[in-house]
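Engineer: As input, take structure_31.txt (compact mmCIF, C-alpha atoms and all ligand atoms):
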# COMPACT_ATOMS: atom_id res chain seq x y z
CA MET A 15 -12.80 -15.33 -9.49
CA GLU A 16 -12.16 -12.71 -12.18
CA GLN A 17 -13.37 -9.14 -11.73
CA VAL A 18 -12.73 -6.41 -14.28
CA VAL A 19 -12.52 -2.87 -12.90
CA LEU A 20 -12.76 0.03 -15.31
CA PHE A 21 -10.48 2.94 -14.41
CA PRO A 22 -10.37 6.15 -16.46
CA SER A 23 -6.94 5.08 -17.78
CA GLY A 24 -8.03 1.53 -18.61
CA PRO A 25 -9.47 -1.78 -17.38
CA VAL A 26 -7.73 -4.05 -14.88
CA SER A 27 -8.58 -7.75 -14.43
CA TYR A 28 -8.40 -8.94 -10.81
CA TYR A 29 -7.94 -12.68 -10.35
CA TYR A 30 -8.82 -13.29 -6.70
CA GLY A 31 -8.22 -16.70 -5.13
CA SER A 32 -6.05 -17.65 -8.08
CA THR A 33 -2.62 -19.21 -8.51
CA PHE A 34 0.64 -17.97 -9.98
CA ASN A 35 0.12 -20.18 -13.04
CA LYS A 36 -2.74 -17.93 -14.14
CA VAL A 37 0.08 -15.89 -15.70
CA TRP A 38 0.38 -18.53 -18.40
CA ASP A 39 -3.35 -18.48 -19.26
CA ILE A 40 -3.36 -14.70 -19.50
CA CYS A 41 -0.09 -14.42 -21.42
CA SER A 42 -0.20 -17.70 -23.36
CA ASP A 43 0.91 -16.16 -26.66
CA LYS A 44 3.04 -13.36 -25.26
CA GLU A 45 6.65 -12.73 -24.41
CA VAL A 46 6.85 -12.49 -20.60
CA ILE A 47 9.63 -10.99 -18.47
CA PHE A 48 9.38 -11.11 -14.68
CA ILE A 49 10.71 -8.41 -12.38
CA THR A 50 11.20 -9.55 -8.80
CA ASP A 51 13.55 -9.16 -5.85
CA ARG A 52 16.26 -11.44 -4.50
CA ASN A 53 14.15 -12.58 -1.52
CA ILE A 54 11.17 -13.66 -3.61
CA PHE A 55 13.43 -15.26 -6.22
CA ASP A 56 15.22 -17.33 -3.55
CA LEU A 57 12.01 -18.27 -1.72
CA HIS A 58 10.11 -19.37 -4.84
CA PRO A 59 12.75 -20.56 -7.32
CA ALA A 60 10.40 -22.95 -9.13
CA ILE A 61 8.15 -20.22 -10.52
CA PHE A 62 11.07 -18.48 -12.22
CA GLU A 63 12.83 -21.60 -13.51
CA ASN A 64 13.94 -21.08 -17.12
CA LYS A 65 11.98 -17.83 -17.29
CA LYS A 66 13.42 -14.47 -18.27
CA THR A 67 13.68 -12.64 -14.94
CA VAL A 68 15.19 -9.37 -13.77
CA ILE A 69 16.17 -9.69 -10.11
CA LEU A 70 16.52 -6.56 -7.96
CA GLU A 71 17.93 -6.10 -4.49
CA ALA A 72 15.08 -6.28 -1.96
CA GLY A 73 14.12 -3.01 -0.29
CA GLU A 74 13.17 0.61 -0.88
CA ALA A 75 16.67 1.50 -2.17
CA SER A 76 15.74 -0.20 -5.46
CA LYS A 77 13.16 2.51 -6.14
CA SER A 78 15.65 4.75 -7.91
CA LEU A 79 16.22 6.08 -11.42
CA ALA A 80 19.57 4.26 -11.49
CA VAL A 81 17.79 0.93 -10.96
CA VAL A 82 15.19 1.88 -13.60
CA ALA A 83 18.04 2.50 -16.07
CA SER A 84 19.63 -0.83 -15.18
CA ILE A 85 16.33 -2.69 -15.72
CA ILE A 86 15.93 -1.04 -19.11
CA SER A 87 19.46 -2.13 -20.07
CA ARG A 88 18.57 -5.69 -19.03
CA LEU A 89 15.37 -5.58 -21.09
CA LEU A 90 17.34 -4.44 -24.13
CA ALA A 91 19.91 -7.19 -23.55
CA MET A 92 17.01 -9.68 -23.43
CA GLU A 93 15.74 -8.18 -26.72
CA ALA A 94 12.38 -7.30 -25.20
CA THR A 95 10.13 -5.80 -27.87
CA ARG A 96 7.09 -3.54 -27.56
CA SER A 97 4.90 -6.64 -27.28
CA VAL A 98 6.57 -7.82 -24.06
CA VAL A 99 4.49 -8.17 -20.88
CA LEU A 100 6.43 -7.15 -17.75
CA ILE A 101 5.18 -8.89 -14.62
CA GLY A 102 6.14 -7.57 -11.20
CA VAL A 103 6.24 -10.36 -8.61
CA GLY A 104 6.75 -8.94 -5.13
CA GLY A 105 5.69 -6.26 -2.67
CA GLY A 106 4.99 -2.59 -3.22
CA VAL A 107 8.55 -1.69 -4.24
CA ILE A 108 8.49 -4.25 -7.05
CA THR A 109 4.99 -3.35 -8.27
CA ASP A 110 5.84 0.39 -8.22
CA ILE A 111 9.06 -0.02 -10.15
CA THR A 112 7.60 -2.53 -12.63
CA GLY A 113 4.69 -0.20 -13.39
CA PHE A 114 7.07 2.70 -13.92
CA VAL A 115 9.49 0.81 -16.16
CA ALA A 116 6.59 -0.61 -18.20
CA SER A 117 5.17 2.91 -18.60
CA ILE A 118 8.36 4.28 -20.15
CA TYR A 119 10.08 1.31 -21.85
CA MET A 120 9.61 1.91 -25.58
CA ARG A 121 7.02 4.54 -24.56
CA GLY A 122 4.90 1.96 -22.77
CA VAL A 123 4.44 -1.81 -22.75
CA ASP A 124 1.86 -4.11 -21.17
CA PHE A 125 2.30 -5.11 -17.52
CA GLY A 126 0.72 -7.07 -14.68
CA PHE A 127 1.37 -7.85 -11.03
CA VAL A 128 1.53 -10.85 -8.74
CA PRO A 129 1.67 -9.22 -5.29
CA THR A 130 3.40 -11.32 -2.61
CA THR A 131 2.66 -9.33 0.57
CA ILE A 132 -0.57 -8.47 2.39
CA LEU A 133 0.29 -4.80 1.98
CA ALA A 134 0.68 -5.09 -1.79
CA MET A 135 -2.42 -7.30 -2.17
CA ALA A 136 -4.67 -5.01 -0.13
CA ASP A 137 -3.23 -1.68 -1.17
CA ALA A 138 0.11 -1.02 -2.88
CA ALA A 139 -0.38 -3.02 -6.09
CA ILE A 140 -3.71 -1.30 -6.68
CA GLY A 141 -4.36 2.19 -7.94
CA GLY A 142 -2.04 2.76 -10.89
CA LYS A 143 0.40 5.09 -9.15
CA ASN A 144 3.92 3.93 -9.79
CA GLY A 145 7.29 5.55 -9.63
CA VAL A 146 10.59 5.96 -7.86
CA ASN A 147 12.23 8.09 -5.17
CA ILE A 148 14.82 10.76 -5.88
CA ASP A 149 17.83 11.18 -3.57
CA ASP A 150 16.22 8.64 -1.17
CA VAL A 151 14.16 11.39 0.51
CA PHE A 152 11.76 12.60 -2.19
CA LYS A 153 9.41 9.62 -2.14
CA ASN A 154 7.56 8.67 -5.34
CA ILE A 155 8.43 12.05 -6.81
CA ALA A 156 9.03 10.69 -10.34
CA GLY A 157 6.25 8.49 -11.64
CA THR A 158 3.11 8.00 -13.69
CA ILE A 159 -0.47 6.89 -13.21
CA ASN A 160 -0.91 3.86 -15.41
CA GLN A 161 -2.92 0.74 -14.63
CA PRO A 162 -1.61 -2.84 -15.00
CA SER A 163 -3.64 -5.15 -17.25
CA PHE A 164 -4.05 -7.69 -14.48
CA ILE A 165 -3.37 -8.49 -10.83
CA ILE A 166 -3.19 -12.13 -9.74
CA TYR A 167 -3.86 -13.07 -6.10
CA ASP A 168 -2.10 -16.28 -5.00
CA ASN A 169 -2.29 -16.70 -1.22
CA GLN A 170 0.22 -19.56 -1.34
CA LEU A 171 2.88 -16.91 -1.80
CA LEU A 172 2.07 -15.60 1.68
CA THR A 173 3.29 -18.79 3.36
CA THR A 174 6.84 -17.43 3.30
CA LEU A 175 5.91 -13.91 4.41
CA PRO A 176 7.77 -12.86 7.60
CA ILE A 177 5.50 -12.12 10.59
CA LYS A 178 6.55 -8.46 10.64
CA GLU A 179 5.22 -8.12 7.11
CA TRP A 180 1.84 -9.55 8.17
CA SER A 181 1.46 -6.76 10.75
CA ASN A 182 2.72 -4.23 8.24
CA GLY A 183 0.00 -5.24 5.78
CA PHE A 184 -2.71 -5.30 8.41
CA ALA A 185 -2.09 -1.62 9.18
CA GLU A 186 -3.47 -0.86 5.70
CA VAL A 187 -6.33 -3.36 6.15
CA ILE A 188 -7.31 -1.58 9.40
CA LYS A 189 -7.09 1.72 7.51
CA TYR A 190 -9.74 0.54 5.01
CA ALA A 191 -12.00 -0.59 7.85
CA CYS A 192 -11.71 2.82 9.59
CA LEU A 193 -12.35 4.74 6.39
CA PHE A 194 -15.17 2.83 4.78
CA ASP A 195 -16.34 -0.30 6.52
CA ALA A 196 -17.74 -0.44 10.06
CA GLU A 197 -18.59 -4.12 9.58
CA MET A 198 -14.97 -4.92 8.76
CA PHE A 199 -13.88 -2.88 11.80
CA ASP A 200 -16.11 -5.08 14.01
CA GLU A 201 -14.82 -8.24 12.34
CA LEU A 202 -11.21 -7.16 12.92
CA SER A 203 -11.97 -6.41 16.57
CA GLN A 204 -13.33 -9.94 17.06
CA HIS A 205 -10.20 -11.62 15.68
CA ASP A 206 -6.44 -11.12 15.65
CA LEU A 207 -3.40 -11.68 13.48
CA THR A 208 -3.09 -15.36 14.43
CA TYR A 209 -6.68 -15.98 13.30
CA TYR A 210 -6.11 -14.56 9.82
CA ARG A 211 -2.73 -16.27 9.47
CA HIS A 212 -4.50 -19.59 9.89
CA ASN A 213 -7.82 -18.92 8.20
CA GLU A 214 -7.21 -18.62 4.48
CA SER A 215 -10.76 -17.98 3.38
CA ALA A 216 -11.28 -15.20 5.96
CA LEU A 217 -8.00 -13.64 4.85
CA LYS A 218 -8.93 -13.84 1.16
CA ASN A 219 -12.24 -12.21 1.91
CA LEU A 220 -10.63 -9.40 3.88
CA ILE A 221 -8.03 -8.65 1.21
CA MET A 222 -10.69 -8.67 -1.50
CA ARG A 223 -12.81 -6.20 0.47
CA CYS A 224 -9.88 -3.79 0.86
CA ALA A 225 -9.06 -4.13 -2.85
CA GLU A 226 -12.68 -3.42 -3.74
CA TRP A 227 -12.76 -0.29 -1.57
CA LYS A 228 -9.57 0.99 -3.13
CA ASN A 229 -10.82 0.19 -6.65
CA LYS A 230 -14.06 2.07 -6.02
CA ILE A 231 -12.27 5.18 -4.75
CA VAL A 232 -9.58 5.16 -7.46
CA ALA A 233 -12.07 4.48 -10.29
CA GLU A 234 -13.95 7.63 -9.21
CA ASP A 235 -10.86 9.79 -8.65
CA GLU A 236 -7.80 8.28 -10.34
CA HIS A 237 -5.76 11.52 -10.24
CA GLU A 238 -6.50 12.31 -6.58
CA HIS A 239 -8.44 15.55 -6.90
CA GLY A 240 -11.02 14.51 -4.28
CA ASN A 241 -11.89 11.37 -2.36
CA ARG A 242 -8.71 9.48 -3.23
CA LYS A 243 -7.06 11.79 -0.68
CA LEU A 244 -8.98 9.88 2.02
CA LEU A 245 -6.63 6.95 1.45
CA ASN A 246 -3.98 9.04 3.21
CA PHE A 247 -5.72 8.38 6.56
CA GLY A 248 -2.96 7.83 9.13
CA HIS A 249 -0.28 8.55 6.55
CA THR A 250 0.39 12.27 7.10
CA ALA A 251 2.07 11.84 10.47
CA ALA A 252 3.21 8.32 9.48
CA HIS A 253 5.45 9.56 6.66
CA ALA A 254 7.18 11.99 9.03
CA ILE A 255 7.57 9.36 11.78
CA GLU A 256 8.74 6.66 9.37
CA ASN A 257 11.41 8.92 7.89
CA LEU A 258 12.65 10.21 11.23
CA TYR A 259 12.64 7.01 13.29
CA LYS A 260 13.21 4.39 10.54
CA ILE A 261 10.36 2.15 11.73
CA HIS A 262 8.27 -0.08 9.43
CA HIS A 263 5.65 1.60 7.28
CA GLY A 264 2.79 -0.33 8.95
CA GLU A 265 4.01 0.63 12.42
CA ALA A 266 4.14 4.30 11.42
CA VAL A 267 0.67 4.07 9.85
CA ALA A 268 -0.67 2.50 13.07
CA ILE A 269 0.69 5.42 15.12
CA GLY A 270 -0.54 7.86 12.48
CA MET A 271 -4.06 6.41 12.76
CA VAL A 272 -4.02 6.82 16.54
CA ILE A 273 -2.99 10.48 16.09
CA ALA A 274 -5.72 11.01 13.45
CA ALA A 275 -8.36 9.38 15.67
CA THR A 276 -7.35 11.52 18.65
CA LEU A 277 -7.50 14.65 16.46
CA SER A 278 -10.96 13.46 15.30
CA GLU A 279 -12.08 13.33 18.95
CA GLN A 280 -11.03 16.96 19.42
CA VAL A 281 -12.32 18.36 16.15
CA LEU A 282 -15.22 16.15 15.11
CA GLN A 283 -16.46 14.48 18.29
CA LEU A 284 -15.34 10.97 17.37
CA THR A 285 -15.97 9.08 20.60
CA ALA A 286 -13.08 8.19 22.90
CA THR A 287 -14.49 4.63 22.88
CA THR A 288 -13.87 4.41 19.13
CA THR A 289 -10.24 5.51 19.53
CA LEU A 290 -9.87 2.92 22.26
CA GLN A 291 -11.37 0.23 20.00
CA LEU A 292 -8.93 1.23 17.27
CA LYS A 293 -5.99 0.92 19.70
CA ASN A 294 -7.19 -2.53 20.79
CA ILE A 295 -7.47 -3.66 17.17
CA LEU A 296 -3.95 -2.40 16.43
CA ARG A 297 -2.59 -4.35 19.41
CA GLY A 298 -4.39 -7.49 18.20
CA TYR A 299 -2.48 -7.24 14.92
CA GLU A 300 0.83 -6.67 16.70
CA LEU A 301 1.04 -3.00 15.81
CA PRO A 302 2.15 -0.16 18.10
CA THR A 303 -0.20 2.58 19.35
CA LYS A 304 2.50 4.99 20.45
CA LEU A 305 6.18 5.77 20.09
CA ASP A 306 8.70 7.81 22.02
CA ILE A 307 9.00 10.72 19.59
CA ASN A 308 10.20 14.30 19.64
CA THR A 309 7.00 16.17 18.72
CA HIS A 310 8.91 19.24 17.61
CA GLU A 311 11.02 17.19 15.19
CA VAL A 312 7.90 15.50 13.78
CA MET A 313 6.16 18.88 13.34
CA ASN A 314 9.16 20.26 11.43
CA VAL A 315 8.86 17.42 8.91
CA LEU A 316 5.06 17.75 8.76
CA LYS A 317 5.42 21.41 7.89
CA MET A 318 7.32 20.40 4.75
CA ASP A 319 4.42 18.19 3.58
CA LYS A 320 3.20 19.01 0.07
CA LYS A 321 -0.39 19.24 1.41
CA ARG A 322 0.56 22.31 3.52
CA LYS A 323 -1.49 25.47 2.99
CA GLY A 324 0.10 28.27 5.04
CA ASP A 325 -0.22 27.37 8.73
CA HIS A 326 -2.76 24.60 7.96
CA ILE A 327 -2.63 21.16 6.42
CA ASP A 328 -5.44 19.00 5.00
CA TYR A 329 -5.80 16.08 7.40
CA ILE A 330 -7.95 12.96 7.02
CA LEU A 331 -10.18 12.59 10.05
CA LEU A 332 -13.10 10.37 11.08
CA GLU A 333 -16.59 11.50 12.04
CA ASP A 334 -17.18 7.86 12.84
CA ILE A 335 -15.89 4.50 11.64
CA GLY A 336 -16.79 4.40 7.94
CA LYS A 337 -17.25 8.19 7.73
CA ALA A 338 -14.01 9.95 6.79
CA VAL A 339 -13.59 13.61 5.91
CA ILE A 340 -10.83 15.94 4.71
CA GLN A 341 -10.33 18.63 7.36
CA PRO A 342 -7.92 21.58 7.32
CA LEU A 343 -6.07 21.68 10.66
CA ALA A 344 -3.72 24.26 12.17
CA PHE A 345 -0.22 22.99 12.96
CA ASP A 346 -0.60 24.16 16.60
CA GLU A 347 -3.67 21.97 17.01
CA ILE A 348 -1.84 18.94 15.59
CA GLU A 349 1.21 19.54 17.78
CA ASN A 350 -0.91 19.60 20.97
CA VAL A 351 -2.64 16.35 20.11
CA ILE A 352 0.58 14.54 19.17
CA THR A 353 2.13 15.62 22.45
CA ILE A 354 -0.86 14.31 24.43
CA CYS A 355 -1.44 11.01 22.65
CA MET A 356 2.19 9.91 22.38
CA GLN A 357 2.80 10.31 26.16
N1 LIG A 401 0.30 1.88 -6.51
C1 LIG A 401 -0.25 2.45 -5.36
C2 LIG A 401 -1.37 3.36 -5.63
O1 LIG A 401 -1.71 3.63 -6.76
O2 LIG A 401 -1.98 3.87 -4.70
Since I need it in another form, could you write the structure as structure tokens?
Structural biologist:
Amino acid sequence: MEQVVLFPSGPVSYYYGSTFNKVWDICSDKEVIFITDRNIFDLHPAIFENKKTVILEAGEASKSLAVVASIISRLLAMEATRSVVLIGVGGGVITDITGFVASIYMRGVDFGFVPTTILAMADAAIGGKNGVNIDDVFKNIAGTINQPSFIIYDNQLLTTLPIKEWSNGFAEVIKYACLFDAEMFDELSQHDLTYYRHNESALKNLIMRCAEWKNKIVAEDEHEHGNRKLLNFGHTAAHAIENLYKIHHGEAVAIGMVIAATLSEQVLQLTATTTLQLKNILRGYELPTKLDINTHEVMNVLKMDKKRKGDHIDYILLEDIGKAVIQPLAFDEIENVITICMQ
């Protein structure tokens, strides 16, 4: 099924329930160069056979300006012209770096994505933000907002996805349910990770719903002046926890959502039952609900967040499932809640 979404910076065609070969329909008369990582290349050699492909090391370390420069050198060596289409095949690291390289190579060339993880399908490949980290610590600090021409969804590519990556992706799925979709929240509470791993049509449906929520929010606020900030639900504390304790992004987001829900109980009267339901859902998708952390250490990192305004920070909270708000919170208030809910 093809759906075209119009963003301020341009239209994007979404091919849901498609196959990798859709690339050749879309780009039949074009010069195509794939950008992927070593894992995906080794797991799916047939799709890259005899195709021009730039292969990166798998992992976040590839999101650097040095790797961008090396990709550009490879593109020049391959004599890629301004009419090339760069196609990122992989998870969020690959889609971010492909979008960034395509935005600057010869001042901008066409690009598309074939996401290969739940996280990239439901969230990371969507939205037009792309970029790299600087000095490993300044995440996504150099980048652009530029939409791909197309995103192709091929669920066959998920058959080789490690189980940890399924949970990782479901943290973002659960985020969309909390933020916008009480029905999805109920559906997630009735099932678990095993169900979606073995029920392709339910999985496709779920991913498409997340993608549609993200598209709606980004189409209305591409440059994140307003409601796009809501997509940071669970991510404020998560970024600090992920950096300090080197856990998976999805695990940190899960813990971050528990913290945000507990804060919402204190500040907005979210019911304790809802927080409990959220914790049960997280467990069903093999995600943690707490971690042995040093609250003081976490607060020190939080205080360096770019959303800080004096002794407050804008936090994404829930009035209810499907009703998210941006709420300024004092650091003291946050520290108390983290201490209580991580015990
Ligand atoms: N590429 C991720 C985003 O735009 O949110």
Engineer: Please identify every polymer residue within 12 Å of ligand LIG 401 (chain A), using all atoms listed in the file, and present the set as a PDB file with C-alpha atoms, keeping the file's coordinate frame.
Structural biologist:
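Writing the result to result_15.pdb gives the following:
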ATOM      1  CA  PHE A  21     -10.480   2.940 -14.410  1.00  0.00           C
ATOM      2  CA  GLY A 105       5.690  -6.260  -2.670  1.00  0.00           C
ATOM      3  CA  GLY A 106       4.990  -2.590  -3.220  1.00  0.00           C
ATOM      4  CA  VAL A 107       8.550  -1.690  -4.240  1.00  0.00           C
ATOM      5  CA  ILE A 108       8.490  -4.250  -7.050  1.00  0.00           C
ATOM      6  CA  THR A 109       4.990  -3.350  -8.270  1.00  0.00           C
ATOM      7  CA  ASP A 110       5.840   0.390  -8.220  1.00  0.00           C
ATOM      8  CA  ILE A 111       9.060  -0.020 -10.150  1.00  0.00           C
ATOM      9  CA  THR A 112       7.600  -2.530 -12.630  1.00  0.00           C
ATOM     10  CA  GLY A 113       4.690  -0.200 -13.390  1.00  0.00           C
ATOM     11  CA  PHE A 114       7.070   2.700 -13.920  1.00  0.00           C
ATOM     12  CA  PHE A 127       1.370  -7.850 -11.030  1.00  0.00           C
ATOM     13  CA  PRO A 129       1.670  -9.220  -5.290  1.00  0.00           C
ATOM     14  CA  LEU A 133       0.290  -4.800   1.980  1.00  0.00           C
ATOM     15  CA  ALA A 134       0.680  -5.090  -1.790  1.00  0.00           C
ATOM     16  CA  MET A 135      -2.420  -7.300  -2.170  1.00  0.00           C
ATOM     17  CA  ALA A 136      -4.670  -5.010  -0.130  1.00  0.00           C
ATOM     18  CA  ASP A 137      -3.230  -1.680  -1.170  1.00  0.00           C
ATOM     19  CA  ALA A 138       0.110  -1.020  -2.880  1.00  0.00           C
ATOM     20  CA  ALA A 139      -0.380  -3.020  -6.090  1.00  0.00           C
ATOM     21  CA  ILE A 140      -3.710  -1.300  -6.680  1.00  0.00           C
ATOM     22  CA  GLY A 141      -4.360   2.190  -7.940  1.00  0.00           C
ATOM     23  CA  GLY A 142      -2.040   2.760 -10.890  1.00  0.00           C
ATOM     24  CA  LYS A 143       0.400   5.090  -9.150  1.00  0.00           C
ATOM     25  CA  ASN A 144       3.920   3.930  -9.790  1.00  0.00           C
ATOM     26  CA  GLY A 145       7.290   5.550  -9.630  1.00  0.00           C
ATOM     27  CA  VAL A 146      10.590   5.960  -7.860  1.00  0.00           C
ATOM     28  CA  ASN A 154       7.560   8.670  -5.340  1.00  0.00           C
ATOM     29  CA  GLY A 157       6.250   8.490 -11.640  1.00  0.00           C
ATOM     30  CA  THR A 158       3.110   8.000 -13.690  1.00  0.00           C
ATOM     31  CA  ILE A 159      -0.470   6.890 -13.210  1.00  0.00           C
ATOM     32  CA  ASN A 160      -0.910   3.860 -15.410  1.00  0.00           C
ATOM     33  CA  GLN A 161      -2.920   0.740 -14.630  1.00  0.00           C
ATOM     34  CA  PRO A 162      -1.610  -2.840 -15.000  1.00  0.00           C
ATOM     35  CA  ILE A 165      -3.370  -8.490 -10.830  1.00  0.00           C
ATOM     36  CA  GLU A 186      -3.470  -0.860   5.700  1.00  0.00           C
ATOM     37  CA  ALA A 225      -9.060  -4.130  -2.850  1.00  0.00           C
ATOM     38  CA  TRP A 227     -12.760  -0.290  -1.570  1.00  0.00           C
ATOM     39  CA  LYS A 228      -9.570   0.990  -3.130  1.00  0.00           C
ATOM     40  CA  ASN A 229     -10.820   0.190  -6.650  1.00  0.00           C
ATOM     41  CA  ILE A 231     -12.270   5.180  -4.750  1.00  0.00           C
ATOM     42  CA  VAL A 232      -9.580   5.160  -7.460  1.00  0.00           C
ATOM     43  CA  ALA A 233     -12.070   4.480 -10.290  1.00  0.00           C
ATOM     44  CA  ASP A 235     -10.860   9.790  -8.650  1.00  0.00           C
ATOM     45  CA  GLU A 236      -7.800   8.280 -10.340  1.00  0.00           C
ATOM     46  CA  HIS A 237      -5.760  11.520 -10.240  1.00  0.00           C
ATOM     47  CA  GLU A 238      -6.500  12.310  -6.580  1.00  0.00           C
ATOM     48  CA  ARG A 242      -8.710   9.480  -3.230  1.00  0.00           C
ATOM     49  CA  LYS A 243      -7.060  11.790  -0.680  1.00  0.00           C
ATOM     50  CA  LEU A 244      -8.980   9.880   2.020  1.00  0.00           C
ATOM     51  CA  LEU A 245      -6.630   6.950   1.450  1.00  0.00           C
ATOM     52  CA  ASN A 246      -3.980   9.040   3.210  1.00  0.00           C
TER      53      ASN A 246
END
Engineer: Within 8 Å of region 33-43 of chain A, counting all atoms listed in the file, which residues qualify if same-chain residues fewer than 3 places away don't, as a list in words?
Structural biologist: Val46, Ile61, Val99, Val128, Ile166, Tyr167, Asp168, Asn169 and Gln170 of chain A
Engineer: Which is closest to Asp306 (chain A) among A:Met356, A:Val98, A:Val151, A:Ile54, if we use all atoms listed in the file?
Structural biologist: A:Met356
Engineer: Any idea what's packed within 8 Å of region 266-280 of chain A, counting only C-alpha atoms, ignoring anything in its chain fewer than 4 positions away? Could you give it as a PyMOL selection string?
Structural biologist: chain A and resi 185-186+189+247-253+255-256+261-262+284-286+289+292-293+296+301-305+329-333+348+351-352+355
Engineer: Mind giving me the straight-line distance from CA of Leu171 (chain A) to CA of Thr130 (chain A) in Å, one decimal?
Structural biologist: 5.7 Å
